[in-house]
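Structure data (PDB, C-alpha atoms) from protein-v2.pdb:
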```
ATOM      1  CA  MET A   1      75.151  -7.011  26.111  1.00  0.00           C
ATOM      2  CA  PRO A   2      76.580 -10.412  25.097  1.00  0.00           C
ATOM      3  CA  THR A   3      80.104 -10.728  23.877  1.00  0.00           C
ATOM      4  CA  THR A   4      81.693 -13.540  21.933  1.00  0.00           C
ATOM      5  CA  LEU A   5      84.083 -15.765  23.827  1.00  0.00           C
ATOM      6  CA  LYS A   6      86.850 -16.909  21.538  1.00  0.00           C
ATOM      7  CA  ILE A   7      89.832 -19.104  22.210  1.00  0.00           C
ATOM      8  CA  HIS A   8      93.139 -18.920  20.431  1.00  0.00           C
ATOM      9  CA  SER A   9      94.425 -22.366  19.521  1.00  0.00           C
ATOM     10  CA  ASN A  10      97.083 -23.260  16.974  1.00  0.00           C
ATOM     11  CA  MET A  11      97.238 -19.675  15.688  1.00  0.00           C
ATOM     12  CA  ARG A  12      93.498 -19.610  14.909  1.00  0.00           C
ATOM     13  CA  TRP A  13      90.556 -18.156  16.790  1.00  0.00           C
ATOM     14  CA  HIS A  14      87.699 -20.519  17.502  1.00  0.00           C
ATOM     15  CA  LEU A  15      84.232 -19.296  18.336  1.00  0.00           C
ATOM     16  CA  ILE A  16      83.088 -21.141  21.448  1.00  0.00           C
ATOM     17  CA  SER A  17      79.810 -19.539  22.396  1.00  0.00           C
ATOM     18  CA  GLU A  18      78.108 -16.236  22.864  1.00  0.00           C
ATOM     19  CA  VAL A  19      78.148 -15.527  26.557  1.00  0.00           C
ATOM     20  CA  PRO A  20      77.594 -12.365  28.570  1.00  0.00           C
ATOM     21  CA  LEU A  21      80.697 -10.859  30.143  1.00  0.00           C
ATOM     22  CA  ARG A  22      79.184 -11.631  33.549  1.00  0.00           C
ATOM     23  CA  MET A  23      78.023 -15.198  33.221  1.00  0.00           C
ATOM     24  CA  ASN A  24      76.289 -16.964  36.069  1.00  0.00           C
ATOM     25  CA  GLY A  25      78.241 -15.230  38.794  1.00  0.00           C
ATOM     26  CA  ILE A  26      81.621 -15.462  37.055  1.00  0.00           C
ATOM     27  CA  THR A  27      82.963 -12.251  35.558  1.00  0.00           C
ATOM     28  CA  LEU A  28      84.961 -12.774  32.389  1.00  0.00           C
ATOM     29  CA  ASP A  29      87.395  -9.887  32.066  1.00  0.00           C
ATOM     30  CA  LYS A  30      88.034  -8.808  28.486  1.00  0.00           C
ATOM     31  CA  SER A  31      91.725  -8.539  29.314  1.00  0.00           C
ATOM     32  CA  ILE A  32      91.999 -12.100  30.606  1.00  0.00           C
ATOM     33  CA  ASN A  33      95.269 -13.642  29.516  1.00  0.00           C
ATOM     34  CA  GLU A  34      94.970 -17.408  29.957  1.00  0.00           C
ATOM     35  CA  ASP A  35      95.887 -20.363  27.834  1.00  0.00           C
ATOM     36  CA  VAL A  36      93.147 -22.811  26.859  1.00  0.00           C
ATOM     37  CA  ALA A  37      93.729 -24.961  29.950  1.00  0.00           C
ATOM     38  CA  GLY A  38      93.479 -21.839  32.116  1.00  0.00           C
ATOM     39  CA  LEU A  39      90.172 -20.901  30.507  1.00  0.00           C
ATOM     40  CA  GLY A  40      89.018 -24.471  31.059  1.00  0.00           C
ATOM     41  CA  LEU A  41      89.857 -24.182  34.752  1.00  0.00           C
ATOM     42  CA  ILE A  42      87.925 -20.902  34.960  1.00  0.00           C
ATOM     43  CA  MET A  43      84.870 -22.588  33.469  1.00  0.00           C
ATOM     44  CA  VAL A  44      85.216 -25.630  35.733  1.00  0.00           C
ATOM     45  CA  ALA A  45      85.284 -23.195  38.674  1.00  0.00           C
ATOM     46  CA  ALA A  46      82.071 -21.659  37.327  1.00  0.00           C
ATOM     47  CA  VAL A  47      80.486 -25.126  37.181  1.00  0.00           C
ATOM     48  CA  LYS A  48      81.572 -25.758  40.769  1.00  0.00           C
ATOM     49  CA  ALA A  49      80.140 -22.435  41.958  1.00  0.00           C
ATOM     50  CA  LYS A  50      76.817 -23.087  40.222  1.00  0.00           C
ATOM     51  CA  ALA A  51      76.631 -26.603  41.701  1.00  0.00           C
ATOM     52  CA  LYS A  52      77.187 -25.226  45.217  1.00  0.00           C
ATOM     53  CA  GLU A  53      74.543 -22.545  44.646  1.00  0.00           C
ATOM     54  CA  THR A  54      72.099 -25.187  43.386  1.00  0.00           C
ATOM     55  CA  MET A  55      72.747 -27.418  46.400  1.00  0.00           C
ATOM     56  CA  LYS A  56      71.849 -24.503  48.698  1.00  0.00           C
ATOM     57  CA  ALA A  57      68.632 -23.942  46.760  1.00  0.00           C
ATOM     58  CA  ILE A  58      67.758 -27.655  46.978  1.00  0.00           C
ATOM     59  CA  THR A  59      68.289 -27.604  50.752  1.00  0.00           C
ATOM     60  CA  LYS A  60      65.896 -24.651  51.096  1.00  0.00           C
ATOM     61  CA  LEU A  61      63.342 -26.252  48.787  1.00  0.00           C
ATOM     62  CA  LYS A  62      63.309 -29.457  50.844  1.00  0.00           C
ATOM     63  CA  VAL A  63      61.904 -27.361  53.702  1.00  0.00           C
ATOM     64  CA  SER A  64      59.544 -25.133  51.715  1.00  0.00           C
ATOM     65  CA  ARG A  65      58.326 -27.777  49.229  1.00  0.00           C
ATOM     66  CA  PRO A  66      58.257 -31.117  51.102  1.00  0.00           C
ATOM     67  CA  GLU A  67      55.941 -32.594  48.466  1.00  0.00           C
ATOM     68  CA  LEU A  68      58.926 -32.532  46.081  1.00  0.00           C
ATOM     69  CA  ARG A  69      61.170 -34.455  48.498  1.00  0.00           C
ATOM     70  CA  ILE A  70      61.782 -37.460  46.207  1.00  0.00           C
ATOM     71  CA  ALA A  71      62.724 -35.369  43.174  1.00  0.00           C
ATOM     72  CA  LEU A  72      64.800 -32.976  45.283  1.00  0.00           C
ATOM     73  CA  ASN A  73      66.679 -35.858  46.915  1.00  0.00           C
ATOM     74  CA  ASP A  74      67.569 -37.201  43.478  1.00  0.00           C
ATOM     75  CA  CYS A  75      68.716 -33.743  42.370  1.00  0.00           C
ATOM     76  CA  SER A  76      70.783 -33.428  45.528  1.00  0.00           C
ATOM     77  CA  ASP A  77      72.502 -36.731  44.718  1.00  0.00           C
ATOM     78  CA  ARG A  78      73.164 -35.567  41.158  1.00  0.00           C
ATOM     79  CA  TYR A  79      74.651 -32.228  42.173  1.00  0.00           C
ATOM     80  CA  ASN A  80      76.702 -33.951  44.862  1.00  0.00           C
ATOM     81  CA  ALA A  81      78.116 -36.191  42.120  1.00  0.00           C
ATOM     82  CA  ILE A  82      79.098 -33.052  40.191  1.00  0.00           C
ATOM     83  CA  LEU A  83      80.855 -31.597  43.242  1.00  0.00           C
ATOM     84  CA  VAL A  84      82.665 -34.716  44.457  1.00  0.00           C
ATOM     85  CA  GLY A  85      83.240 -36.479  41.140  1.00  0.00           C
ATOM     86  CA  ASP A  86      82.959 -34.440  37.964  1.00  0.00           C
ATOM     87  CA  VAL A  87      84.556 -31.169  39.074  1.00  0.00           C
ATOM     88  CA  PRO A  88      87.604 -32.725  40.817  1.00  0.00           C
ATOM     89  CA  GLU A  89      88.076 -35.045  37.825  1.00  0.00           C
ATOM     90  CA  ALA A  90      88.038 -32.078  35.442  1.00  0.00           C
ATOM     91  CA  GLU A  91      90.347 -29.961  37.613  1.00  0.00           C
ATOM     92  CA  GLN A  92      92.912 -32.741  37.835  1.00  0.00           C
ATOM     93  CA  ALA A  93      92.592 -33.716  34.181  1.00  0.00           C
ATOM     94  CA  LEU A  94      93.214 -30.161  32.991  1.00  0.00           C
ATOM     95  CA  ARG A  95      96.646 -30.540  34.536  1.00  0.00           C
ATOM     96  CA  GLY A  96      97.171 -33.875  32.761  1.00  0.00           C
ATOM     97  CA  ASN A  97      94.870 -35.728  30.351  1.00  0.00           C
ATOM     98  CA  PRO A  98      92.160 -33.281  29.207  1.00  0.00           C
ATOM     99  CA  LYS A  99      89.961 -36.082  27.811  1.00  0.00           C
ATOM    100  CA  PHE A 100      88.884 -36.853  31.370  1.00  0.00           C
ATOM    101  CA  ALA A 101      88.080 -33.171  31.906  1.00  0.00           C
ATOM    102  CA  GLU A 102      85.792 -33.261  28.892  1.00  0.00           C
ATOM    103  CA  ASN A 103      84.090 -36.365  30.283  1.00  0.00           C
ATOM    104  CA  GLY A 104      83.549 -34.687  33.650  1.00  0.00           C
ATOM    105  CA  MET A 105      81.931 -31.641  32.096  1.00  0.00           C
ATOM    106  CA  ALA A 106      79.770 -33.803  29.811  1.00  0.00           C
ATOM    107  CA  ASP A 107      78.576 -35.693  32.876  1.00  0.00           C
ATOM    108  CA  SER A 108      77.803 -32.437  34.712  1.00  0.00           C
ATOM    109  CA  SER A 109      75.535 -31.411  31.860  1.00  0.00           C
ATOM    110  CA  ILE A 110      73.805 -34.805  31.871  1.00  0.00           C
ATOM    111  CA  GLU A 111      73.254 -34.621  35.645  1.00  0.00           C
ATOM    112  CA  ALA A 112      71.566 -31.214  35.338  1.00  0.00           C
ATOM    113  CA  VAL A 113      69.262 -32.436  32.572  1.00  0.00           C
ATOM    114  CA  ALA A 114      68.411 -35.560  34.579  1.00  0.00           C
ATOM    115  CA  CYS A 115      67.575 -33.435  37.621  1.00  0.00           C
ATOM    116  CA  GLU A 116      65.193 -31.345  35.537  1.00  0.00           C
ATOM    117  CA  GLU A 117      63.495 -34.465  34.208  1.00  0.00           C
ATOM    118  CA  ASN A 118      62.543 -35.437  37.784  1.00  0.00           C
ATOM    119  CA  PHE A 119      59.807 -32.810  37.653  1.00  0.00           C
ATOM    120  CA  LYS A 120      57.548 -34.279  34.977  1.00  0.00           C
ATOM    121  CA  LYS A 121      54.230 -33.781  36.783  1.00  0.00           C
ATOM    122  CA  VAL A 122      54.962 -30.398  38.376  1.00  0.00           C
ATOM    123  CA  LYS A 123      56.792 -27.255  37.333  1.00  0.00           C
ATOM    124  CA  SER A 124      60.426 -27.604  38.318  1.00  0.00           C
ATOM    125  CA  PRO A 125      61.628 -25.057  40.870  1.00  0.00           C
ATOM    126  CA  LEU A 126      65.175 -25.711  39.632  1.00  0.00           C
ATOM    127  CA  THR A 127      64.794 -24.976  35.908  1.00  0.00           C
ATOM    128  CA  GLY A 128      66.975 -21.855  36.000  1.00  0.00           C
ATOM    129  CA  PHE A 129      69.703 -23.609  37.981  1.00  0.00           C
ATOM    130  CA  ASN A 130      69.634 -26.707  35.782  1.00  0.00           C
ATOM    131  CA  ASN A 131      69.700 -24.720  32.543  1.00  0.00           C
ATOM    132  CA  LYS A 132      72.645 -22.613  33.739  1.00  0.00           C
ATOM    133  CA  MET A 133      74.522 -25.738  34.863  1.00  0.00           C
ATOM    134  CA  ARG A 134      73.920 -27.380  31.488  1.00  0.00           C
ATOM    135  CA  ASP A 135      75.072 -24.263  29.630  1.00  0.00           C
ATOM    136  CA  LEU A 136      78.171 -23.722  31.789  1.00  0.00           C
ATOM    137  CA  SER A 137      79.140 -27.386  31.468  1.00  0.00           C
ATOM    138  CA  ASP A 138      78.677 -27.299  27.706  1.00  0.00           C
ATOM    139  CA  VAL A 139      80.825 -24.170  27.328  1.00  0.00           C
ATOM    140  CA  ALA A 140      83.512 -25.699  29.577  1.00  0.00           C
ATOM    141  CA  ARG A 141      83.422 -28.855  27.489  1.00  0.00           C
ATOM    142  CA  ALA A 142      83.779 -26.870  24.256  1.00  0.00           C
ATOM    143  CA  ILE A 143      86.805 -25.050  25.652  1.00  0.00           C
ATOM    144  CA  ILE A 144      88.384 -28.286  26.874  1.00  0.00           C
ATOM    145  CA  ARG A 145      87.892 -29.896  23.451  1.00  0.00           C
ATOM    146  CA  ASN A 146      90.448 -27.447  22.083  1.00  0.00           C
ATOM    147  CA  LEU A 147      93.054 -29.259  24.163  1.00  0.00           C
ATOM    148  CA  LEU A 148      92.367 -32.655  22.569  1.00  0.00           C
TER     149      LEU A 148
END
```
Would you kindly transcribe this structure into structure tokens?
Amino acid sequence: MPTTLKIHSNMRWHLISEVPLRMNGITLDKSINEDVAGLGLIMVAAVKAKAKETMKAITKLKVSRPELRIALNDCSDRYNAILVGDVPEAEQALRGNPKFAENGMADSSIEAVACEENFKKVKSPLTGFNNKMRDLSDVARAIIRNLL
């Protein structure tokens, strides 16, 4: 059953998104006691975990679906950019200038959408991964915006 994730900022509660308590492999404990930056770091960790999971799936698909090699190679490059660029940028920025964290999470969402668009002529085998990455990135970005 979904719960509502809310963040306390400036003595007011802000609705961020409706998310299940167990969201894409990350369990959100109802008793979690983090500040907004801490919640941002939790969501960035969720983005990182989903990117690693997607990279494993892409590697397997390159073997089982060689006809999709070009699209899968592009997706691999995009998810690599999330792992080596966007996630480290967001992690560091949440300890300093959160605007860069927001940019990193926005880019992660864009990369997932672009990966999905590679599969125009065939059904994408990565739709579930890409949609979850987009959603996680968007929730992380919404949380980070509370720091700006």
Counting all atoms listed in the file, which of A:Leu61, A:Ala112, A:Ala37, A:Met43 gets nearest to Met133 (chain A)?
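Closest residue, counting all atoms listed in the file: A:Ala112.
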Please measure the separation of CA of Arg141 (chain A) and CA of Ala71 (chain A), giving the value in Å to one decimal.
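Atom-to-atom, CA of Arg141 (chain A) and CA of Ala71 (chain A) are spaced 26.8 Å apart.
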Find the spatial neighbours of Ala114 (chain A), counting only C-alpha atoms, within a cut-off of 12 Å - ignore same-chain residues fewer than 5 positions away - and output them as a count of residues only.
20
Please measure the separation of CA of Leu148 (chain A) and CA of Glu111 (chain A), giving the value in Å to one decimal.
23.2 Å
State, in Å with one decimal place, the distance from CA of Asn146 (chain A) to CA of Leu83 (chain A).
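For CA of Asn146 (chain A) relative to CA of Leu83 (chain A), the distance reads 23.6 Å.
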